[in-house]
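What follows is a single structure, written as structure tokens, with notes after it.
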Amino acid sequence: MCTPIFANKEHEIIIDNYIMVMKQFVREISNENRWNNFLEVYDIIIEYHNNYGKGVREQNYWDWIMILPINLSVMVNGYLAGIETKRNATAVKSYKIILNELLQDVIDKIEKLEPIDE
């Protein structure tokens with residue numbers, strides 16, 4: 001599994017918390033096969049984030065810093081929509097609400113970050 005690159009310690013704490021909660025929710029409602037599929041897509045997003053800026057026209061700090069929350073949010077919402085059944089609908093809807101609130105909190109915190117290299 002890939003490890004994200006962070007702008008600084010504050011960025012790391014903000015994103016790690018979001019990832020931890022997101023993974024915990026997904027793990028709770030996934031069988032082993034679906035969990036592994038989820039992790040494959042997760043790794044693709046982390047690799048994209050980590051390699052952003054290596055291209056000639058990819059050097060916007062704010063675009064880079066928002067890759068993880070936006071793409072992980074889209075991924076997890078799509079995953080939850082695809083895994084929802086009558087039996088787990090209540091849990092899935094609850095997870096979506098909590099994750100969307102957490103995402104808004106993450107975005108608010110990231111917008112206040114100053115580009116500092118530690």
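The chains in the structure tokens are called A, B, ... from first to last as shown; in each chain the residues are counted from 1, and the ligands are counted from 1 in the order shown.
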Surrounding residues of segment 102-107 of chain A excluding itself and chain neighbours under 2 positions, 7 Å, only C-alpha atoms, as number ranges by chain: A: 14, 18, 69, 98-100, 109-111
Please tabulate, as CSV, the residues of segment 20-43 of chain A that come within 9 Å of segment 1-13 of chain A, each with its closest pair of atoms and the distance in Å to one decimal, counting only C-alpha atoms and ordering rows by chain, then residue number upward.
residue,atom,partner,partner_atom,distance
A:Leu39,CA,A:Met1,CA,7.6
A:Glu40,CA,A:Met1,CA,8.3
A:Tyr42,CA,A:Cys2,CA,8.5
A:Asp43,CA,A:Cys2,CA,5.6
One-decimal distance in Å that lies between atom CA of Tyr48 of chain A and atom CA of Leu80 of chain A: 21.8 Å
Residues near Ile45 of chain A, cut-off 8 Å, only C-alpha atoms, skip fewer than 5 positions along chain, as a ChimeraX atom specification: /A:68,71-72
Atomic separation - atom CA of Met20 of chain A relative to atom CA of Ile97 of chain A, Å: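 So the answer is 16.0 Å.
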Computed interatomic separation between atom CA of Val92 of chain A and atom CA of Ile44 of chain A (Å):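 Going from atom CA of Val92 of chain A over to atom CA of Ile44 of chain A covers 23.4 Å.
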